[in-house]
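Trainee: This is start-v5.cif (mmCIF, C-alpha atoms).
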```
data_model
loop_
_atom_site.group_PDB
_atom_site.id
_atom_site.type_symbol
_atom_site.label_atom_id
_atom_site.label_comp_id
_atom_site.auth_asym_id
_atom_site.auth_seq_id
_atom_site.Cartn_x
_atom_site.Cartn_y
_atom_site.Cartn_z
ATOM 1 C CA MET A 56 94.991 69.463 110.321
ATOM 2 C CA ARG A 57 97.222 67.705 112.852
ATOM 3 C CA THR A 58 100.478 65.854 112.270
ATOM 4 C CA GLU A 59 99.145 62.667 113.843
ATOM 5 C CA GLN A 60 96.340 62.618 111.263
ATOM 6 C CA LEU A 61 98.961 62.411 108.524
ATOM 7 C CA GLU A 62 100.729 59.652 110.478
ATOM 8 C CA TYR A 63 97.449 57.759 110.710
ATOM 9 C CA VAL A 64 96.886 57.970 106.952
ATOM 10 C CA ALA A 65 100.447 56.805 106.289
ATOM 11 C CA ALA A 66 100.014 53.879 108.680
ATOM 12 C CA VAL A 67 96.759 52.743 107.054
ATOM 13 C CA ALA A 68 98.309 53.030 103.589
ATOM 14 C CA ARG A 69 101.321 50.976 104.625
ATOM 15 C CA LEU A 70 99.425 48.286 106.517
ATOM 16 C CA GLY A 71 96.366 48.139 104.247
ATOM 17 C CA SER A 72 93.909 48.034 107.125
ATOM 18 C CA PHE A 73 92.436 50.377 109.756
ATOM 19 C CA ARG A 74 92.510 47.516 112.261
ATOM 20 C CA ARG A 75 96.207 46.756 111.792
ATOM 21 C CA ALA A 76 97.084 50.463 111.787
ATOM 22 C CA ALA A 77 95.160 51.013 115.040
ATOM 23 C CA GLN A 78 97.012 48.114 116.660
ATOM 24 C CA ALA A 79 100.392 49.421 115.508
ATOM 25 C CA LEU A 80 99.607 52.953 116.687
ATOM 26 C CA HIS A 81 98.061 51.754 119.982
ATOM 27 C CA ILE A 82 94.799 53.637 119.534
ATOM 28 C CA SER A 83 91.229 52.456 119.065
ATOM 29 C CA GLN A 84 90.032 51.756 115.546
ATOM 30 C CA PRO A 85 87.003 54.109 115.821
ATOM 31 C CA ALA A 86 89.265 56.960 116.973
ATOM 32 C CA LEU A 87 91.664 56.295 114.107
ATOM 33 C CA SER A 88 88.860 56.142 111.554
ATOM 34 C CA GLU A 89 87.248 59.363 112.783
ATOM 35 C CA SER A 90 90.576 61.220 112.790
ATOM 36 C CA VAL A 91 91.230 60.199 109.177
ATOM 37 C CA ARG A 92 87.673 61.179 108.182
ATOM 38 C CA SER A 93 88.184 64.573 109.804
ATOM 39 C CA LEU A 94 91.370 65.103 107.796
ATOM 40 C CA GLU A 95 89.597 64.099 104.574
ATOM 41 C CA ARG A 96 86.823 66.611 105.318
ATOM 42 C CA ASP A 97 89.404 69.351 105.930
ATOM 43 C CA LEU A 98 91.155 68.582 102.637
ATOM 44 C CA GLY A 99 87.975 68.004 100.683
ATOM 45 C CA VAL A 100 89.188 64.687 99.215
ATOM 46 C CA ASP A 101 88.940 61.007 100.088
ATOM 47 C CA LEU A 102 92.494 59.858 100.739
ATOM 48 C CA LEU A 103 91.597 56.204 101.299
ATOM 49 C CA GLU A 104 89.313 53.696 99.627
ATOM 50 C CA ARG A 105 87.609 51.520 102.209
ATOM 51 C CA GLY A 106 86.440 48.009 101.388
ATOM 52 C CA ARG A 107 85.564 44.679 102.924
ATOM 53 C CA HIS A 108 89.137 43.466 102.632
ATOM 54 C CA GLY A 109 90.892 46.529 103.981
ATOM 55 C CA ALA A 110 91.854 50.014 102.838
ATOM 56 C CA ARG A 111 94.148 51.460 100.199
ATOM 57 C CA MET A 112 95.064 54.851 98.837
ATOM 58 C CA SER A 113 92.563 56.424 96.488
ATOM 59 C CA GLU A 114 93.712 58.040 93.262
ATOM 60 C CA SER A 115 93.680 61.435 94.998
ATOM 61 C CA GLY A 116 95.473 59.896 97.966
ATOM 62 C CA ARG A 117 98.248 58.553 95.761
ATOM 63 C CA ASP A 118 98.751 62.026 94.306
ATOM 64 C CA LEU A 119 98.964 63.579 97.778
ATOM 65 C CA PHE A 120 100.889 60.777 99.511
ATOM 66 C CA PRO A 121 104.390 62.100 98.599
ATOM 67 C CA TYR A 122 103.451 65.445 100.198
ATOM 68 C CA ILE A 123 102.224 63.666 103.334
ATOM 69 C CA LEU A 124 105.544 61.838 103.609
ATOM 70 C CA THR A 125 107.442 65.089 103.075
ATOM 71 C CA VAL A 126 105.544 66.790 105.915
ATOM 72 C CA LEU A 127 106.138 63.848 108.263
ATOM 73 C CA ASP A 128 109.817 63.690 107.392
ATOM 74 C CA SER A 129 110.219 67.446 107.932
ATOM 75 C CA PHE A 130 108.465 67.187 111.277
ATOM 76 C CA ASP A 131 110.772 64.322 112.293
ATOM 77 C CA ARG A 132 113.826 66.411 111.438
ATOM 78 C CA LEU A 133 112.406 69.331 113.433
ATOM 79 C CA ARG A 134 111.911 67.181 116.514
ATOM 80 C CA GLN A 135 115.370 65.686 116.136
ATOM 81 C CA ALA A 136 116.935 69.135 115.837
ATOM 82 C CA ALA A 137 115.091 70.231 118.974
ATOM 83 C CA GLY A 138 116.559 67.267 120.837
ATOM 84 C CA GLU A 139 113.234 65.564 121.416
ATOM 85 C CA GLN A 140 113.039 61.827 121.621
ATOM 86 C CA HIS A 141 110.646 60.719 118.917
ATOM 87 C CA GLN A 142 108.606 57.858 120.343
ATOM 88 C CA SER A 143 105.878 57.488 117.707
ATOM 89 C CA VAL A 144 105.665 54.195 115.854
ATOM 90 C CA ARG A 145 107.585 53.975 112.594
ATOM 91 C CA LEU A 146 107.465 51.151 110.094
ATOM 92 C CA VAL A 147 109.522 50.509 106.954
ATOM 93 C CA ARG A 148 108.054 47.930 104.581
ATOM 94 C CA VAL A 149 110.332 46.096 102.158
ATOM 95 C CA GLY A 150 108.964 43.937 99.358
ATOM 96 C CA THR A 151 111.348 41.293 98.056
ATOM 97 C CA VAL A 152 111.414 38.478 95.524
ATOM 98 C CA ASN A 153 113.659 36.675 98.067
ATOM 99 C CA ALA A 154 116.843 36.791 96.004
ATOM 100 C CA ALA A 155 119.974 37.152 98.157
ATOM 101 C CA THR A 156 117.743 37.234 101.243
ATOM 102 C CA VAL A 157 120.292 35.695 103.599
ATOM 103 C CA PRO A 158 123.599 37.134 102.331
ATOM 104 C CA LEU A 159 122.242 40.653 101.692
ATOM 105 C CA LEU A 160 118.862 41.404 103.231
ATOM 106 C CA THR A 161 119.530 39.971 106.693
ATOM 107 C CA PRO A 162 122.834 41.837 107.253
ATOM 108 C CA ALA A 163 121.294 45.063 105.942
ATOM 109 C CA ILE A 164 118.399 44.919 108.402
ATOM 110 C CA ARG A 165 120.746 44.016 111.260
ATOM 111 C CA GLN A 166 122.864 47.095 110.521
ATOM 112 C CA PHE A 167 119.766 49.290 110.153
ATOM 113 C CA ARG A 168 118.413 48.246 113.541
ATOM 114 C CA GLN A 169 121.583 49.405 115.261
ATOM 115 C CA ALA A 170 120.788 53.004 114.271
ATOM 116 C CA HIS A 171 116.971 52.774 114.262
ATOM 117 C CA SER A 172 116.100 50.660 117.279
ATOM 118 C CA LEU A 173 112.538 52.056 117.461
ATOM 119 C CA THR A 174 111.745 51.426 113.800
ATOM 120 C CA GLN A 175 110.058 48.193 112.790
ATOM 121 C CA VAL A 176 111.084 46.593 109.491
ATOM 122 C CA GLU A 177 108.498 44.424 107.783
ATOM 123 C CA VAL A 178 109.752 42.167 104.969
ATOM 124 C CA ILE A 179 107.108 40.902 102.535
ATOM 125 C CA GLY A 180 107.828 38.252 99.918
ATOM 126 C CA ALA A 181 106.053 39.011 96.655
ATOM 127 C CA GLN A 182 106.392 38.828 92.909
ATOM 128 C CA GLN A 183 107.891 41.678 90.925
ATOM 129 C CA ALA A 184 104.556 43.026 89.629
ATOM 130 C CA GLU A 185 103.077 43.001 93.148
ATOM 131 C CA ILE A 186 106.074 44.883 94.503
ATOM 132 C CA HIS A 187 105.776 47.508 91.762
ATOM 133 C CA ARG A 188 102.064 48.046 92.518
ATOM 134 C CA ALA A 189 102.765 48.372 96.236
ATOM 135 C CA LEU A 190 105.583 50.880 95.686
ATOM 136 C CA LEU A 191 103.410 52.995 93.389
ATOM 137 C CA GLY A 192 100.493 52.775 95.828
ATOM 138 C CA GLY A 193 102.609 53.786 98.822
ATOM 139 C CA SER A 194 102.234 50.555 100.800
ATOM 140 C CA PHE A 195 105.901 49.517 100.282
ATOM 141 C CA ASP A 196 108.831 51.827 100.958
ATOM 142 C CA LEU A 197 111.457 49.739 99.177
ATOM 143 C CA GLY A 198 111.460 46.841 96.749
ATOM 144 C CA LEU A 199 114.126 44.251 95.914
ATOM 145 C CA VAL A 200 113.569 42.737 92.469
ATOM 146 C CA ASN A 201 115.497 40.949 89.739
ATOM 147 C CA TYR A 202 115.814 41.908 86.094
ATOM 148 C CA LEU A 203 117.314 40.149 83.136
ATOM 149 C CA GLU A 204 119.716 42.199 81.071
ATOM 150 C CA GLY A 205 117.743 44.505 78.770
ATOM 151 C CA ASP A 206 114.455 44.417 80.717
ATOM 152 C CA ASP A 207 112.545 47.703 80.941
ATOM 153 C CA LYS A 208 112.097 49.324 84.347
ATOM 154 C CA PRO A 209 109.108 51.447 85.507
ATOM 155 C CA PRO A 210 109.966 55.128 84.942
ATOM 156 C CA GLU A 211 107.985 56.120 88.059
ATOM 157 C CA LEU A 212 110.435 54.194 90.250
ATOM 158 C CA GLU A 213 114.015 55.085 91.094
ATOM 159 C CA THR A 214 116.143 52.000 90.408
ATOM 160 C CA THR A 215 119.563 51.484 92.015
ATOM 161 C CA PRO A 216 121.680 48.446 91.000
ATOM 162 C CA LEU A 217 122.857 46.235 93.855
ATOM 163 C CA LEU A 218 124.302 43.004 92.441
ATOM 164 C CA ARG A 219 124.949 41.602 89.013
ATOM 165 C CA GLY A 220 125.511 37.898 88.516
ATOM 166 C CA ARG A 221 124.977 34.808 86.390
ATOM 167 C CA PRO A 222 122.346 32.088 86.627
ATOM 168 C CA VAL A 223 123.816 28.915 88.142
ATOM 169 C CA VAL A 224 122.487 25.427 88.788
ATOM 170 C CA CYS A 225 121.899 24.792 92.493
ATOM 171 C CA MET A 226 122.117 21.130 93.554
ATOM 172 C CA ARG A 227 123.039 18.804 96.387
ATOM 173 C CA PRO A 228 126.728 17.853 96.627
ATOM 174 C CA ASP A 229 125.803 14.197 96.059
ATOM 175 C CA SER A 230 124.123 14.996 92.730
ATOM 176 C CA ALA A 231 125.772 13.360 89.720
ATOM 177 C CA LEU A 232 126.013 16.813 88.132
ATOM 178 C CA ALA A 233 128.120 18.072 91.058
ATOM 179 C CA ALA A 234 131.014 16.064 89.614
ATOM 180 C CA ARG A 235 130.854 18.208 86.469
ATOM 181 C CA GLU A 236 132.834 21.405 86.054
ATOM 182 C CA ALA A 237 129.816 23.043 84.431
ATOM 183 C CA VAL A 238 126.251 22.012 83.608
ATOM 184 C CA ARG A 239 124.949 21.989 80.058
ATOM 185 C CA VAL A 240 121.430 23.124 79.262
ATOM 186 C CA SER A 241 120.696 19.655 77.881
ATOM 187 C CA ASP A 242 121.538 18.179 81.321
ATOM 188 C CA LEU A 243 118.642 20.085 82.873
ATOM 189 C CA ARG A 244 116.093 18.358 80.652
ATOM 190 C CA SER A 245 116.870 14.955 82.173
ATOM 191 C CA GLU A 246 116.738 15.991 85.858
ATOM 192 C CA PRO A 247 113.892 16.807 88.284
ATOM 193 C CA LEU A 248 113.742 20.590 88.137
ATOM 194 C CA ILE A 249 112.456 23.070 90.712
ATOM 195 C CA VAL A 250 111.218 26.134 88.813
ATOM 196 C CA MET A 251 110.102 29.456 90.223
ATOM 197 C CA ARG A 252 106.395 30.072 89.815
ATOM 198 C CA SER A 253 105.088 32.177 86.935
ATOM 199 C CA GLY A 254 105.615 35.874 87.667
ATOM 200 C CA TYR A 255 109.240 35.552 88.774
ATOM 201 C CA VAL A 256 112.134 36.544 86.526
ATOM 202 C CA MET A 257 113.822 33.163 86.994
ATOM 203 C CA HIS A 258 110.654 31.405 85.789
ATOM 204 C CA ARG A 259 110.825 33.391 82.574
ATOM 205 C CA TYR A 260 114.557 32.746 82.288
ATOM 206 C CA VAL A 261 114.305 28.945 82.701
ATOM 207 C CA HIS A 262 111.492 28.650 80.154
ATOM 208 C CA ARG A 263 113.530 30.714 77.707
ATOM 209 C CA LEU A 264 116.656 28.673 78.443
ATOM 210 C CA LEU A 265 114.900 25.349 77.861
ATOM 211 C CA LYS A 266 112.842 26.737 74.975
ATOM 212 C CA ASP A 267 109.688 25.889 76.967
ATOM 213 C CA ARG A 268 110.687 22.212 77.114
ATOM 214 C CA VAL A 269 110.571 22.052 80.912
ATOM 215 C CA PRO A 270 110.982 18.468 82.232
ATOM 216 C CA ALA A 271 107.696 16.743 82.968
ATOM 217 C CA PHE A 272 108.910 15.791 86.453
ATOM 218 C CA SER A 273 109.303 19.286 87.866
ATOM 219 C CA TYR A 274 108.136 21.406 90.784
ATOM 220 C CA SER A 275 107.225 25.071 91.067
ATOM 221 C CA THR A 276 107.662 27.262 94.116
ATOM 222 C CA ASP A 277 107.698 30.860 95.347
ATOM 223 C CA GLY A 278 111.096 32.440 95.746
ATOM 224 C CA ALA A 279 114.712 31.357 95.936
ATOM 225 C CA GLU A 280 114.675 30.485 99.633
ATOM 226 C CA MET A 281 112.055 27.757 99.224
ATOM 227 C CA GLY A 282 113.811 26.566 96.075
ATOM 228 C CA LYS A 283 117.081 26.058 97.979
ATOM 229 C CA LEU A 284 115.298 24.191 100.771
ATOM 230 C CA MET A 285 113.676 21.884 98.237
ATOM 231 C CA VAL A 286 117.078 21.221 96.674
ATOM 232 C CA ALA A 287 118.512 20.457 100.120
ATOM 233 C CA GLY A 288 115.630 18.036 100.666
ATOM 234 C CA GLY A 289 116.627 16.073 97.583
ATOM 235 C CA LEU A 290 113.714 17.036 95.334
ATOM 236 C CA GLY A 291 115.853 18.113 92.386
ATOM 237 C CA LEU A 292 117.825 21.007 90.930
ATOM 238 C CA THR A 293 116.973 24.673 90.610
ATOM 239 C CA VAL A 294 118.402 27.571 88.617
ATOM 240 C CA LEU A 295 119.078 30.766 90.577
ATOM 241 C CA PRO A 296 121.289 33.849 90.333
ATOM 242 C CA ASP A 297 124.719 33.087 91.790
ATOM 243 C CA PHE A 298 124.293 35.872 94.367
ATOM 244 C CA SER A 299 121.310 33.962 95.754
ATOM 245 C CA VAL A 300 123.442 30.880 96.437
ATOM 246 C CA ILE A 301 127.001 32.026 97.209
ATOM 247 C CA GLY A 302 127.294 32.758 100.925
ATOM 248 C CA ASP A 303 123.954 31.180 101.811
ATOM 249 C CA PRO A 304 124.200 29.172 105.078
ATOM 250 C CA LEU A 305 123.104 26.011 103.250
ATOM 251 C CA GLU A 306 125.974 26.505 100.805
ATOM 252 C CA ARG A 307 128.504 27.323 103.527
ATOM 253 C CA CYS A 308 127.508 24.196 105.449
ATOM 254 C CA GLY A 309 127.864 22.002 102.377
ATOM 255 C CA VAL A 310 124.163 21.111 102.145
ATOM 256 C CA ILE A 311 123.842 22.626 98.673
ATOM 257 C CA THR A 312 126.373 23.568 96.015
ATOM 258 C CA TRP A 313 126.310 25.110 92.545
ATOM 259 C CA ARG A 314 127.799 24.843 89.097
ATOM 260 C CA PRO A 315 127.826 27.388 86.254
ATOM 261 C CA LEU A 316 125.895 26.893 83.037
ATOM 262 C CA ALA A 317 128.330 25.968 80.291
ATOM 263 C CA ASP A 318 126.407 27.421 77.353
ATOM 264 C CA ASP A 319 124.697 30.561 78.624
ATOM 265 C CA ALA A 320 126.035 34.032 79.481
ATOM 266 C CA THR A 321 122.845 35.756 80.654
ATOM 267 C CA GLU A 322 123.187 38.350 83.422
ATOM 268 C CA VAL A 323 120.711 38.785 86.267
ATOM 269 C CA HIS A 324 120.553 42.151 88.024
ATOM 270 C CA LEU A 325 119.324 42.595 91.587
ATOM 271 C CA VAL A 326 118.133 46.163 92.156
ATOM 272 C CA ILE A 327 116.472 48.170 94.878
ATOM 273 C CA GLN A 328 113.574 50.425 93.925
ATOM 274 C CA ARG A 329 111.583 53.207 95.548
ATOM 275 C CA LEU A 330 109.072 55.814 94.459
ATOM 276 C CA ARG A 331 110.779 58.529 92.433
ATOM 277 C CA SER A 332 108.448 61.387 93.412
ATOM 278 C CA GLY A 333 108.254 62.961 96.867
ATOM 279 C CA SER A 334 110.641 62.709 99.781
ATOM 280 C CA PRO A 335 110.755 59.283 101.495
ATOM 281 C CA PRO A 336 111.001 59.046 105.290
ATOM 282 C CA ARG A 337 114.500 59.236 106.687
ATOM 283 C CA ALA A 338 114.362 55.647 107.955
ATOM 284 C CA ALA A 339 113.542 54.365 104.455
ATOM 285 C CA ARG A 340 116.361 56.453 102.972
ATOM 286 C CA ASP A 341 118.817 55.102 105.520
ATOM 287 C CA LEU A 342 117.789 51.492 104.868
ATOM 288 C CA HIS A 343 118.110 52.088 101.118
ATOM 289 C CA ASP A 344 121.677 53.362 101.587
ATOM 290 C CA ILE A 345 122.548 50.410 103.818
ATOM 291 C CA PHE A 346 121.387 47.982 101.129
ATOM 292 C CA VAL A 347 123.730 49.650 98.645
ATOM 293 C CA GLU A 348 126.593 49.520 101.146
ATOM 294 C CA ARG A 349 125.977 45.864 102.064
ATOM 295 C CA ALA A 350 125.729 44.863 98.394
ATOM 296 C CA ARG A 351 129.208 46.277 97.797
ATOM 297 C CA ALA A 352 130.542 44.431 100.834
ATOM 298 C CA TYR A 353 128.944 41.169 99.711
ATOM 299 C CA ALA A 354 130.359 41.500 96.203
ATOM 300 C CA ASP A 355 133.835 42.237 97.540
ATOM 301 C CA THR A 356 133.736 39.222 99.854
ATOM 302 C CA ASN A 357 132.402 36.853 97.215
ATOM 303 C CA LEU A 358 134.498 37.883 94.219
ATOM 304 C CA THR A 359 135.939 34.370 94.056
ATOM 305 C CA PRO A 360 136.787 32.445 90.897
ATOM 306 C CA ALA A 361 134.137 30.203 89.397
ATOM 307 C CA PRO A 362 134.541 26.445 90.011
ATOM 308 C CA ARG A 363 137.541 24.857 88.261
ATOM 309 C CA GLY A 364 137.113 24.653 84.509
ATOM 310 C CA SER A 365 134.053 26.885 84.386
ATOM 311 C CA ALA A 366 133.057 27.739 80.842
ATOM 312 C CA THR A 367 132.041 31.250 81.853
ATOM 313 C CA GLU A 368 134.318 33.904 83.268
ATOM 314 C CA PRO A 369 133.166 35.528 86.506
ATOM 315 C CA PRO A 370 132.002 39.111 86.010
ATOM 316 C CA SER A 371 134.211 41.910 87.256
ATOM 317 C CA PRO A 372 133.110 44.432 89.904
ATOM 318 C CA GLY A 373 130.705 47.144 88.827
ATOM 319 C CA ASP A 374 131.188 50.843 89.205
ATOM 320 C CA ALA A 375 131.247 51.584 92.946
ATOM 321 C CA GLU A 376 130.156 55.166 92.396
ATOM 322 C CA SER A 377 126.913 54.019 90.781
ATOM 323 C CA GLY A 378 126.194 51.516 93.534
ATOM 324 C CA GLU A 379 126.421 48.641 91.068
ATOM 325 C CA SER A 380 128.322 45.512 92.079
ATOM 326 C CA ARG A 381 128.769 42.064 90.651
ATOM 327 C CA ALA A 382 128.110 38.937 92.588
ATOM 328 C CA ARG A 383 131.292 37.138 91.532
#
```
As structure tokens, how would this structure be written, given the file I've shared?
Mentor:
Amino acid sequence: MRTEQLEYVAAVARLGSFRRAAQALHISQPALSESVRSLERDLGVDLLERGRHGARMSESGRDLFPYILTVLDSFDRLRQAAGEQHQSVRLVRVGTVNAATVPLLTPAIRQFRQAHSLTQVEVIGAQQAEIHRALLGGSFDLGLVNYLEGDDKPPELETTPLLRGRPVVCMRPDSALAAREAVRVSDLRSEPLIVMRSGYVMHRYVHRLLKDRVPAFSYSTDGAEMGKLMVAGGLGLTVLPDFSVIGDPLERCGVITWRPLADDATEVHLVIQRLRSGSPPRAARDLHDIFVERARAYADTNLTPAPRGSATEPPSPGDAESGESRAR
């Protein structure tokens, strides 16, 4: 058994394909495939399931994957202690529902790259269930997802709170509702509405808020970023967590704005998740810690009062020791 064989398995698991892993590792696909097969023969188990559409960890592979990561991380620390320059390819994959992408995710990755210039960060937009499957299967290192207050969280995943905020109505400044101090739920039923697609927390929230009476003239989309662009393009309103709007470049430039909901006090929690078992690579641990740090900084910067006359009080900061912060 050689260390590079474990690196090859980890790369295939993360990228979901022998071809993509071979390209990232700068070796031929046949050589990669044979090296992984040799490791599987040595261990007596099939670590990967191969199919027409790629490769993924087998059930046995998922059980052994935390140990593979532990060995690789220990080897990295050994080389660092010996003063060697570690040149092998490293990749951290982050799944996100695209909430707070610009005010939180972008600064976090920028800070991470300053300390890990040789590590590639791949950001994949996905729904919450897809992110959970990828974290459990080992193909994502970290996941950024939203929860409504009281939602259950997978016990297999370690969940760290980042931001806590309120749903707000995102609109153009020239919208008639922008003249209001707050938006009533009944106002949403008479406006073109941009709703997140089924599978997102904000889709479930809006349907619950409107009691499934979504306006007939509505749109659906994937993720907050596309929703804000559609609002900026004049297609209608959307309902997002305040931490997804406050500090966004479109909001800072005056292209979009927001108003609180007058008759709803629901909280939305943005969290970061990772696999609870095993020891994650150092790069993934560092990026996780940076997300927590940047979330605190964002909350501190954006703890501004709600618009004049808001019917809901802005939440107070969360416990800094627990890594939990509020968006306003």
Trainee: At a cut-off of 9 Å, using only C-alpha atoms, what residues contact Gly71 (chain A)? Leave out same-chain residues fewer than 4 positions from it and give the result as a PyMOL selection string.
Mentor: chain A and resi 66-67+75-76+108-112+194
Trainee: Quick one: pull the distance between CA of Leu295 (chain A) and CA of Pro315 (chain A), Å, one decimal.
Mentor: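 Atom-to-atom, CA of Leu295 (chain A) and CA of Pro315 (chain A) are spaced 10.3 Å apart.
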Trainee: Counting all atoms listed in the file, I want the residues whose atoms come within 7 Å of (123.5, 20.0, 101.8) in the file frame, returned as a short mmCIF file (atom, residue, chain, number, x, y, z; two decimals) with C-alpha atoms, in the coordinates of the input.
Mentor:
```
data_model
loop_
_atom_site.label_atom_id
_atom_site.label_comp_id
_atom_site.auth_asym_id
_atom_site.auth_seq_id
_atom_site.Cartn_x
_atom_site.Cartn_y
_atom_site.Cartn_z
CA ARG A 227 123.04 18.80 96.39
CA PRO A 228 126.73 17.85 96.63
CA ALA A 287 118.51 20.46 100.12
CA LEU A 305 123.10 26.01 103.25
CA CYS A 308 127.51 24.20 105.45
CA GLY A 309 127.86 22.00 102.38
CA VAL A 310 124.16 21.11 102.14
CA ILE A 311 123.84 22.63 98.67
#
```
Trainee: Using only C-alpha atoms, which of A:Val323, A:Ser245, A:Leu119, A:Arg268 sits nearest Gly205 (chain A)?
Mentor: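 Answer, going by the shortest atom-to-atom distance: A:Val323.
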Trainee: I'd like to know which of A:Val223, A:Ala189, A:Leu342, A:Val200 is closest to Gly254 (chain A), using only C-alpha atoms.
Mentor: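 Once distances to Gly254 (chain A) are computed over only C-alpha atoms, the minimum belongs to A:Val200.
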Trainee: Once the PyMOL selection byres ((chain A and resi 146) around 6) has been applied to the shown file, what residues remain in the selection, as a list of chain:residue names?
Mentor: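 With the PyMOL selection byres ((chain A and resi 146) around 6) on this model, the match is A:Arg145, A:Val147, A:Thr174, A:Gln175, A:Val176.
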Trainee: In terms of the shortest atom-to-atom distance over all atoms listed in the file, which of A:Asp344, A:Gly193, A:Phe73, A:Ser334 is closest to Arg117 (chain A)?
Mentor: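 Once distances to Arg117 (chain A) are computed over all atoms listed in the file, the minimum belongs to A:Gly193.
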Trainee: Would you write out, as a list in words, every residue that the PyMOL selection byres ((chain A and resi 95-101) around 8) captures in this file?
Mentor: Met56, Val91, Arg92, Ser93, Leu94, Leu102, Leu103, Glu104, Ser113, Ser115 and Gly116 of chain A
